[in-house]
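One file, final-v3.txt, is given below (compact mmCIF, C-alpha atoms).
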```txt
# COMPACT_ATOMS: atom_id res chain seq x y z
CA MET A 470 -46.62 70.51 35.97
CA VAL A 471 -48.65 73.44 34.63
CA GLU A 472 -49.80 73.13 31.02
CA PRO A 473 -50.06 76.41 29.04
CA SER A 474 -53.41 75.73 27.27
CA LYS A 475 -53.67 79.45 26.48
CA GLN A 476 -53.76 80.48 30.15
CA LEU A 477 -53.36 84.21 30.72
CA VAL A 478 -50.17 85.50 32.37
CA LEU A 479 -49.62 89.07 33.57
CA VAL A 480 -46.09 90.41 33.03
CA THR A 481 -45.33 93.60 34.93
CA GLY A 482 -43.06 96.20 33.34
CA ALA A 483 -43.38 94.44 29.98
CA THR A 484 -41.24 96.97 28.09
CA GLY A 485 -38.13 96.21 30.15
CA TYR A 486 -35.04 94.33 28.99
CA LEU A 487 -35.72 91.08 30.88
CA ALA A 488 -39.51 91.37 30.74
CA GLY A 489 -39.43 91.43 26.94
CA TYR A 490 -37.78 88.02 26.91
CA VAL A 491 -40.23 86.73 29.52
CA VAL A 492 -43.07 87.81 27.19
CA LYS A 493 -41.32 86.10 24.26
CA ASP A 494 -40.80 82.84 26.15
CA LEU A 495 -44.38 82.78 27.39
CA LEU A 496 -45.75 83.28 23.87
CA GLN A 497 -43.50 80.55 22.50
CA SER A 498 -44.66 78.27 25.31
CA GLY A 499 -48.32 78.73 24.37
CA TYR A 500 -49.53 81.22 26.98
CA ARG A 501 -51.54 84.36 26.43
CA VAL A 502 -49.82 87.45 27.82
CA ARG A 503 -51.03 90.71 29.32
CA GLY A 504 -48.23 93.22 29.81
CA THR A 505 -48.34 96.28 32.03
CA VAL A 506 -47.00 99.57 30.66
CA ARG A 507 -47.10 103.10 31.96
CA LYS A 508 -48.95 104.45 28.93
CA VAL A 509 -50.77 102.25 26.42
CA ALA A 510 -50.80 105.22 24.03
CA ASP A 511 -46.98 105.20 23.93
CA LYS A 512 -46.88 102.34 21.45
CA GLN A 513 -43.26 102.86 20.40
CA LYS A 514 -42.18 101.55 23.81
CA TYR A 515 -43.67 98.12 23.15
CA GLU A 516 -43.92 97.80 19.38
CA HIS A 517 -40.99 95.34 19.41
CA LEU A 518 -43.16 93.02 21.50
CA ILE A 519 -46.03 93.18 19.03
CA LYS A 520 -43.63 91.84 16.39
CA LEU A 521 -42.64 88.78 18.44
CA PRO A 522 -43.39 85.30 17.04
CA GLY A 523 -46.81 84.21 18.21
CA ALA A 524 -47.94 87.72 19.11
CA SER A 525 -51.42 88.73 17.96
CA SER A 526 -54.44 90.58 19.27
CA GLU A 527 -55.61 87.26 20.73
CA THR A 528 -52.36 86.35 22.48
CA LEU A 529 -50.86 89.68 23.58
CA GLU A 530 -52.47 92.73 25.16
CA PHE A 531 -51.33 95.74 27.19
CA VAL A 532 -52.81 97.58 30.17
CA GLU A 533 -51.72 100.59 32.19
CA ALA A 534 -50.44 100.13 35.73
CA ASP A 535 -47.89 101.97 37.86
CA LEU A 536 -45.93 100.29 40.66
CA SER A 537 -46.26 103.36 42.86
CA LYS A 538 -50.05 103.42 42.60
CA HIS A 539 -52.62 101.03 44.01
CA GLU A 540 -55.08 101.75 41.21
CA GLY A 541 -55.13 99.54 38.16
CA TRP A 542 -53.59 96.38 39.56
CA GLU A 543 -56.79 94.53 40.41
CA GLU A 544 -58.05 95.12 36.89
CA ALA A 545 -54.67 94.10 35.46
CA CYS A 546 -54.72 90.80 37.39
CA LYS A 547 -58.36 90.01 36.59
CA GLY A 548 -58.67 86.76 34.66
CA CYS A 549 -54.98 85.91 34.99
CA ALA A 550 -53.85 82.46 36.09
CA PHE A 551 -50.30 83.64 36.81
CA VAL A 552 -48.26 86.79 37.37
CA MET A 553 -44.65 87.42 36.42
CA HIS A 554 -43.62 90.39 38.58
CA VAL A 555 -40.55 91.60 36.70
CA ALA A 556 -40.91 95.37 37.09
CA SER A 557 -38.88 97.28 39.67
CA PRO A 558 -37.81 100.92 39.95
CA LEU A 559 -34.23 101.44 38.81
CA LEU A 560 -32.23 104.62 38.48
CA LEU A 561 -28.82 104.90 36.83
CA GLU A 562 -27.80 107.54 39.34
CA VAL A 563 -28.50 107.51 43.08
CA PRO A 564 -30.45 110.56 44.29
CA LYS A 565 -30.27 111.81 47.85
CA ASN A 566 -33.93 110.87 48.36
CA TYR A 567 -33.37 107.29 47.16
CA MET A 568 -35.72 105.87 49.81
CA GLU A 569 -38.63 107.70 48.19
CA LEU A 570 -37.56 107.09 44.59
CA ILE A 571 -36.19 103.53 44.72
CA VAL A 572 -36.78 101.59 47.94
CA LYS A 573 -40.32 102.64 48.82
CA PRO A 574 -41.74 102.18 45.28
CA ALA A 575 -40.15 98.71 45.05
CA VAL A 576 -41.81 97.58 48.28
CA GLU A 577 -45.14 99.23 47.47
CA GLY A 578 -45.02 97.70 44.00
CA VAL A 579 -44.67 94.20 45.43
CA ARG A 580 -47.49 94.88 47.88
CA ASN A 581 -49.77 96.26 45.18
CA VAL A 582 -49.12 93.41 42.74
CA LEU A 583 -49.37 90.54 45.23
CA THR A 584 -52.43 91.94 46.99
CA ALA A 585 -54.20 92.37 43.65
CA ALA A 586 -53.11 88.91 42.53
CA ILE A 587 -54.56 87.31 45.66
CA LYS A 588 -57.86 89.17 45.25
CA ALA A 589 -58.05 88.11 41.60
CA GLY A 590 -57.50 84.45 42.41
CA VAL A 591 -54.11 84.21 40.67
CA LYS A 592 -52.57 80.76 41.23
CA LYS A 593 -48.90 81.69 41.33
CA VAL A 594 -46.55 84.66 41.22
CA VAL A 595 -42.98 84.41 39.96
CA MET A 596 -41.02 87.45 41.06
CA THR A 597 -37.74 88.83 39.75
CA SER A 598 -35.40 89.72 42.57
CA SER A 599 -31.61 89.84 42.29
CA LEU A 600 -28.34 88.50 43.62
CA ALA A 601 -28.25 91.92 45.28
CA ALA A 602 -30.85 90.56 47.72
CA ILE A 603 -28.57 87.59 48.53
CA ASP A 604 -25.05 89.00 48.61
CA PRO A 605 -24.12 90.32 52.11
CA GLY A 606 -21.62 92.65 50.40
CA PRO A 607 -17.91 93.28 50.93
CA LYS A 608 -18.33 94.74 54.41
CA LYS A 609 -20.08 91.63 55.75
CA ALA A 610 -18.63 88.95 53.49
CA VAL A 611 -16.90 85.88 54.93
CA PRO A 612 -13.79 85.02 52.86
CA GLY A 613 -14.14 81.82 50.86
CA VAL A 614 -17.90 81.52 51.26
CA ILE A 615 -19.85 80.46 48.18
CA LEU A 616 -23.27 82.10 48.32
CA ASP A 617 -26.48 80.13 47.90
CA GLU A 618 -30.18 80.88 48.37
CA ARG A 619 -29.94 80.78 52.18
CA TYR A 620 -28.03 84.06 52.27
CA TRP A 621 -29.45 87.57 52.48
CA ALA A 622 -27.95 90.99 51.85
CA ASP A 623 -27.07 93.16 54.83
CA TYR A 624 -29.60 95.98 54.69
CA GLU A 625 -27.62 98.42 56.81
CA THR A 626 -24.49 98.35 54.64
CA ALA A 627 -26.27 97.83 51.29
CA ASN A 628 -26.38 100.52 48.60
CA PRO A 629 -29.79 101.94 47.57
CA TYR A 630 -30.33 99.43 44.73
CA GLU A 631 -29.47 96.51 47.03
CA LYS A 632 -31.75 97.89 49.75
CA SER A 633 -34.64 98.03 47.26
CA LYS A 634 -34.13 94.43 46.14
CA TYR A 635 -33.75 93.18 49.72
CA ALA A 636 -36.80 95.06 51.02
CA ALA A 637 -39.01 94.15 48.04
CA GLU A 638 -38.21 90.45 48.25
CA LYS A 639 -38.67 90.39 52.03
CA GLU A 640 -42.09 91.98 51.54
CA ALA A 641 -43.02 89.34 48.95
CA TRP A 642 -42.12 86.48 51.26
CA LYS A 643 -43.99 88.11 54.14
CA ILE A 644 -47.18 88.35 52.05
CA TYR A 645 -46.71 84.78 50.82
CA GLU A 646 -46.30 83.41 54.36
CA GLU A 647 -49.53 85.13 55.36
CA ASN A 648 -51.43 83.82 52.32
CA LYS A 649 -50.01 80.36 51.56
CA ASP A 650 -53.51 78.94 51.25
CA LYS A 651 -54.37 81.47 48.53
CA ILE A 652 -51.31 81.86 46.32
CA GLU A 653 -47.93 80.35 45.42
CA LEU A 654 -44.65 82.25 45.09
CA ALA A 655 -41.25 81.57 43.52
CA VAL A 656 -38.40 84.09 43.28
CA ILE A 657 -35.64 84.38 40.68
CA ASN A 658 -32.35 85.98 41.81
CA PRO A 659 -30.23 86.66 38.70
CA GLY A 660 -26.71 88.01 38.62
CA PHE A 661 -25.54 90.59 36.10
CA ILE A 662 -27.82 90.04 33.10
CA ILE A 663 -26.18 89.94 29.68
CA GLY A 664 -27.19 88.79 26.22
CA PRO A 665 -28.93 90.36 23.22
CA VAL A 666 -31.26 93.33 23.66
CA MET A 667 -34.58 93.74 21.82
CA SER A 668 -34.91 97.50 22.05
CA LYS A 669 -33.40 100.60 23.62
CA ASN A 670 -35.44 99.95 26.79
CA VAL A 671 -32.48 98.32 28.51
CA ALA A 672 -32.10 100.43 31.68
CA ALA A 673 -28.88 99.74 33.61
CA SER A 674 -28.16 96.12 32.70
CA PRO A 675 -25.74 96.70 29.80
CA MET A 676 -24.19 99.99 30.90
CA MET A 677 -20.75 98.52 31.59
CA ILE A 678 -20.73 96.75 28.21
CA ILE A 679 -21.86 99.95 26.49
CA ARG A 680 -19.07 101.93 28.11
CA MET A 681 -16.47 99.32 27.20
CA MET A 682 -17.62 99.24 23.59
CA ASN A 683 -17.63 103.03 23.40
CA ASN A 684 -14.18 103.21 25.07
CA ASP A 685 -15.79 105.34 27.76
CA LEU A 686 -14.04 104.07 30.89
CA PRO A 687 -10.91 105.40 32.62
CA GLY A 688 -9.83 101.76 32.95
CA ILE A 689 -11.17 98.37 33.94
CA PRO A 690 -11.90 98.01 37.66
CA LYS A 691 -10.82 94.93 39.57
CA MET A 692 -14.30 93.54 40.01
CA ILE A 693 -15.86 90.12 39.64
CA VAL A 694 -19.50 89.66 38.65
CA PRO A 695 -21.65 86.53 38.29
CA VAL A 696 -23.25 86.82 34.83
CA VAL A 697 -26.26 85.15 33.20
CA ASP A 698 -27.90 85.33 29.78
CA VAL A 699 -31.20 87.20 29.66
CA ARG A 700 -32.80 84.32 27.76
CA ASP A 701 -31.84 81.89 30.54
CA VAL A 702 -33.39 84.19 33.15
CA ALA A 703 -36.61 84.43 31.15
CA ARG A 704 -36.67 80.64 30.73
CA ALA A 705 -36.20 80.25 34.50
CA HIS A 706 -39.29 82.38 35.12
CA VAL A 707 -41.43 80.13 32.92
CA LEU A 708 -39.96 76.95 34.40
CA ALA A 709 -40.60 78.26 37.92
CA LEU A 710 -44.19 79.02 36.93
CA GLU A 711 -44.74 75.51 35.62
CA ASN A 712 -42.84 73.50 38.25
CA PRO A 713 -44.72 72.92 41.53
CA ASN A 714 -41.39 72.20 43.26
CA ALA A 715 -40.35 75.79 42.64
CA THR A 716 -43.03 77.15 44.97
CA GLY A 717 -41.65 78.64 48.16
CA ASN A 718 -38.11 78.79 46.76
CA ARG A 719 -35.51 81.30 45.61
CA PHE A 720 -33.25 80.51 42.67
CA ILE A 721 -29.83 81.99 41.97
CA LEU A 722 -29.34 82.45 38.22
CA ALA A 723 -25.70 82.77 37.17
CA SER A 724 -23.69 80.85 34.60
CA LYS A 725 -20.19 82.01 35.50
CA SER A 726 -18.34 84.61 37.55
CA TYR A 727 -16.26 86.93 35.35
CA TRP A 728 -13.63 89.48 36.25
CA MET A 729 -14.46 92.70 34.41
CA LEU A 730 -11.06 92.46 32.72
CA GLU A 731 -12.08 89.06 31.32
CA VAL A 732 -15.25 90.63 29.90
CA ALA A 733 -13.17 93.38 28.29
CA GLN A 734 -10.79 90.79 26.83
CA VAL A 735 -13.68 88.85 25.28
CA LEU A 736 -14.89 92.07 23.64
CA GLU A 737 -11.40 93.08 22.52
CA LYS A 738 -10.78 89.71 20.86
CA GLU A 739 -14.08 89.90 18.97
CA PHE A 740 -14.28 93.60 18.12
CA LYS A 741 -10.74 95.01 17.90
CA PRO A 742 -10.31 93.48 14.40
CA GLN A 743 -13.53 95.27 13.43
CA GLY A 744 -12.27 98.72 14.38
CA PHE A 745 -13.37 99.05 18.01
CA LYS A 746 -11.05 100.22 20.76
CA ILE A 747 -11.85 98.34 23.97
CA PRO A 748 -10.17 99.46 27.21
CA THR A 749 -8.23 96.57 28.79
CA ARG A 750 -5.93 98.47 31.14
CA THR A 751 -6.78 97.78 34.78
CA ILE A 752 -7.17 100.74 37.06
CA GLY A 753 -6.50 100.98 40.78
CA LYS A 754 -8.81 102.12 43.51
CA CYS A 755 -7.26 105.59 43.90
CA PRO A 756 -7.82 106.66 40.27
CA LEU A 757 -11.31 105.16 40.44
CA HIS A 758 -12.01 107.18 43.57
CA LEU A 759 -11.07 110.34 41.69
CA ALA A 760 -13.27 109.33 38.76
CA SER A 761 -16.16 108.67 41.15
CA LEU A 762 -16.21 112.35 42.12
CA TRP A 763 -17.87 113.17 38.79
CA ASP A 764 -18.96 109.73 37.53
CA ARG A 765 -21.87 108.45 39.61
CA GLN A 766 -21.85 105.03 37.97
CA VAL A 767 -18.23 104.56 39.03
CA ARG A 768 -19.23 105.70 42.51
CA LEU A 769 -21.76 102.86 42.76
CA MET A 770 -19.08 100.21 42.22
CA MET A 771 -16.44 101.57 44.59
CA ASN A 772 -17.25 99.24 47.52
CA TYR A 773 -16.93 96.22 45.22
CA ILE A 774 -13.41 96.83 43.95
CA GLY A 775 -11.42 93.67 44.71
CA TYR A 776 -14.45 91.90 46.18
CA GLU A 777 -14.78 88.30 44.96
CA MET A 778 -18.38 87.13 44.93
CA ARG A 779 -18.86 83.41 44.26
CA VAL A 780 -22.26 81.79 43.96
CA ASN A 781 -23.77 78.31 43.76
CA ASN A 782 -26.27 77.89 40.90
CA GLN A 783 -26.93 74.16 41.44
CA LYS A 784 -30.49 74.64 42.67
CA SER A 785 -31.53 76.26 39.38
CA ILE A 786 -30.10 73.26 37.53
CA ASP A 787 -31.52 70.56 39.81
CA VAL A 788 -35.03 71.98 40.36
CA LEU A 789 -35.70 74.09 37.27
CA GLY A 790 -33.55 72.15 34.82
CA ILE A 791 -31.81 75.27 33.49
CA LYS A 792 -29.17 74.72 30.83
CA TYR A 793 -26.96 77.79 30.82
CA THR A 794 -25.88 79.64 27.70
CA ASP A 795 -22.13 80.06 27.27
CA ALA A 796 -21.28 83.35 28.94
CA GLU A 797 -18.71 84.40 26.34
CA GLU A 798 -21.30 84.03 23.59
CA SER A 799 -23.79 86.06 25.67
CA ILE A 800 -21.29 88.91 26.07
CA LYS A 801 -20.65 89.06 22.32
CA ALA A 802 -24.37 88.77 21.51
CA MET A 803 -25.14 91.73 23.76
CA ALA A 804 -22.44 93.86 22.13
CA TYR A 805 -23.63 93.07 18.61
CA ALA A 806 -27.24 93.84 19.56
CA LEU A 807 -26.24 97.17 21.13
CA ILE A 808 -24.49 98.10 17.88
CA GLU A 809 -27.56 97.17 15.84
CA ILE A 810 -29.95 99.34 17.89
CA GLY A 811 -27.51 102.27 17.83
CA THR A 812 -26.69 102.42 21.54
CA VAL A 813 -23.07 101.63 20.72
CA LYS A 814 -21.44 103.57 17.89
CA ASP A 815 -20.74 101.28 14.92
CA MET A 816 -16.98 101.41 14.35
CA ARG A 817 -16.86 98.40 12.05
CA LYS A 818 -14.53 98.88 9.14
CA LYS A 819 -16.30 99.38 5.86
CA LYS A 820 -15.62 96.81 3.19
CA LYS A 821 -13.91 98.27 0.14
```
If you took the structure in this file and wrote it as structure tokens, what would it be?
Amino acid sequence: MVEPSKQLVLVTGATGYLAGYVVKDLLQSGYRVRGTVRKVADKQKYEHLIKLPGASSETLEFVEADLSKHEGWEEACKGCAFVMHVASPLLLEVPKNYMELIVKPAVEGVRNVLTAAIKAGVKKVVMTSSLAAIDPGPKKAVPGVILDERYWADYETANPYEKSKYAAEKEAWKIYEENKDKIELAVINPGFIIGPVMSKNVAASPMMIIRMMNNDLPGIPKMIVPVVDVRDVARAHVLALENPNATGNRFILASKSYWMLEVAQVLEKEFKPQGFKIPTRTIGKCPLHLASLWDRQVRLMMNYIGYEMRVNNQKSIDVLGIKYTDAEESIKAMAYALIEIGTVKDMRKKKK
């Protein structure tokens, strides 16, 4: 097992939702952390990380690096024992030129980071992928199948986000197979990430929760999603870094599969007494199709209406030793955090 002993770990995309918790876990575990950001001068993007327990000028630093550019990565990896490659391009809406804006940068980012890591003598890379790289999708799904790490998404029928995750992870494994004598690789494949947020840098992860809390949905779609707490995903990254048995493996991270209606019901039970109006009426595919004409986020989920994805998380428990946070508590924790940072309007009744 790897011992921290103040070893330096590079975390890519350090300002992101998940990456922030990876930084936090590493600091608490005794590592020194170097985070990549787009602009070091834009301190407001990472000031929440500077305030983390254990963060100081000796334990936490930031450097500039861009996934789409080759420059900067060798310098970023210099002196690092490990790399946590968490960053990946993500857009809330799908542009027509998604190959150029999403898929290509994801693959080039992996290539830039891993190539630089190998040149710098990094021992191991732990990469964040997604269940999107595992799930074959509704068009290729076999009824009753429980997905595990042997499965891969179907690139031809995948949406742009799924294509980017599939292509990026495939590129990572290709580089690893060609350089096994120089570097180790482990990959984390989380489901829908929930749990408390540190800042407004949360990208797409909590959008459905935000819209439920703001009563900004035409209804609840008949969808099922495997969920996982952000803190568990961060912990898995550190455990994969430290455990030699994780090398060469993928790990599904998911605590439970929830119907979206169940998520809404958890929120309604907790927040309706506090003055929030949470939509709990289910909506059929036809109304959703109409809504998708002007709502691009609804459009992204259309193929998954009625699709039941089931996954096996046993490998993460057996190899990494993950102990999953209760999903219901994670849902509520995310909602409360979103209220606190102002992303969700605070409708709580004032005490008289």
- Pick out the residues sitting within 6 Å of stretch 685-693 of chain A, and hand them over as a VMD selection string; count all atoms listed in the file, and ignore anything fewer than 3 positions along from it in its own chain. chain A and resid 680 727 to 729 750 to 752 774 to 775 777
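Relative to atom CA of A:Gly744, atom CA of A:Met682 is found at 10.7 Å.
Proximity to A:Glu638 at 7 Å, evaluated using only C-alpha atoms and with sequence-adjacent residues fewer than 4 positions away removed, yields Ser598, Lys634 and Trp642 of chain A.
Closest approach to A:Ala483 among A:Ala641, A:Val506, A:Ala636, A:Ile663: A:Val506, based on only C-alpha atoms.
Take atom CA of A:Ala796 and atom CA of A:Gly613: the distance between them is 23.1 Å.
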- Message: Please return as number ranges by chain every residue within 9 Å of (-54.1, 88.2, 23.4), taking into account only C-alpha atoms and the file's own coordinates.
- Response: A: 477, 501-503, 524-531
Output stretch 509-528 of chain A with N, CA and C atoms present, as a short mmCIF file (atom, residue, chain, number, x, y, z; two decimals), keeping the file's coordinate frame.
```
data_model
loop_
_atom_site.label_atom_id
_atom_site.label_comp_id
_atom_site.auth_asym_id
_atom_site.auth_seq_id
_atom_site.Cartn_x
_atom_site.Cartn_y
_atom_site.Cartn_z
N VAL A 509 -50.42 103.08 27.57
CA VAL A 509 -50.77 102.25 26.42
C VAL A 509 -50.63 103.05 25.13
N ALA A 510 -50.88 104.36 25.22
CA ALA A 510 -50.80 105.22 24.03
C ALA A 510 -49.38 105.34 23.49
N ASP A 511 -48.38 105.08 24.34
CA ASP A 511 -46.98 105.20 23.93
C ASP A 511 -46.53 103.89 23.29
N LYS A 512 -47.06 103.63 22.12
CA LYS A 512 -46.88 102.34 21.45
C LYS A 512 -45.45 102.05 21.06
N GLN A 513 -44.65 103.08 20.82
CA GLN A 513 -43.26 102.86 20.40
C GLN A 513 -42.45 102.13 21.46
N LYS A 514 -42.90 102.22 22.72
CA LYS A 514 -42.18 101.55 23.81
C LYS A 514 -42.35 100.03 23.77
N TYR A 515 -43.44 99.57 23.16
CA TYR A 515 -43.67 98.12 23.15
C TYR A 515 -43.94 97.55 21.76
N GLU A 516 -43.66 98.31 20.72
CA GLU A 516 -43.92 97.80 19.38
C GLU A 516 -43.03 96.60 19.03
N HIS A 517 -41.85 96.51 19.65
CA HIS A 517 -40.99 95.34 19.41
C HIS A 517 -41.62 94.06 19.95
N LEU A 518 -42.48 94.19 20.95
CA LEU A 518 -43.16 93.02 21.50
C LEU A 518 -44.30 92.55 20.60
N ILE A 519 -44.94 93.50 19.96
CA ILE A 519 -46.03 93.18 19.03
C ILE A 519 -45.52 92.37 17.85
N LYS A 520 -44.24 92.54 17.53
CA LYS A 520 -43.63 91.84 16.39
C LYS A 520 -43.07 90.47 16.75
N LEU A 521 -43.18 90.06 18.01
CA LEU A 521 -42.64 88.78 18.44
C LEU A 521 -43.38 87.61 17.79
N PRO A 522 -42.71 86.49 17.56
CA PRO A 522 -43.39 85.30 17.04
C PRO A 522 -44.51 84.87 17.97
N GLY A 523 -45.67 84.63 17.41
CA GLY A 523 -46.81 84.21 18.21
C GLY A 523 -47.65 85.33 18.77
N ALA A 524 -47.19 86.57 18.59
CA ALA A 524 -47.94 87.72 19.11
C ALA A 524 -49.07 88.10 18.16
N SER A 525 -50.25 88.29 18.72
CA SER A 525 -51.42 88.73 17.96
C SER A 525 -52.38 89.39 18.93
N SER A 526 -53.45 89.93 18.40
CA SER A 526 -54.44 90.58 19.27
C SER A 526 -55.10 89.58 20.22
N GLU A 527 -55.01 88.30 19.89
CA GLU A 527 -55.61 87.26 20.73
C GLU A 527 -54.64 86.73 21.79
N THR A 528 -53.34 86.91 21.55
CA THR A 528 -52.36 86.35 22.48
C THR A 528 -51.59 87.38 23.30
#
```
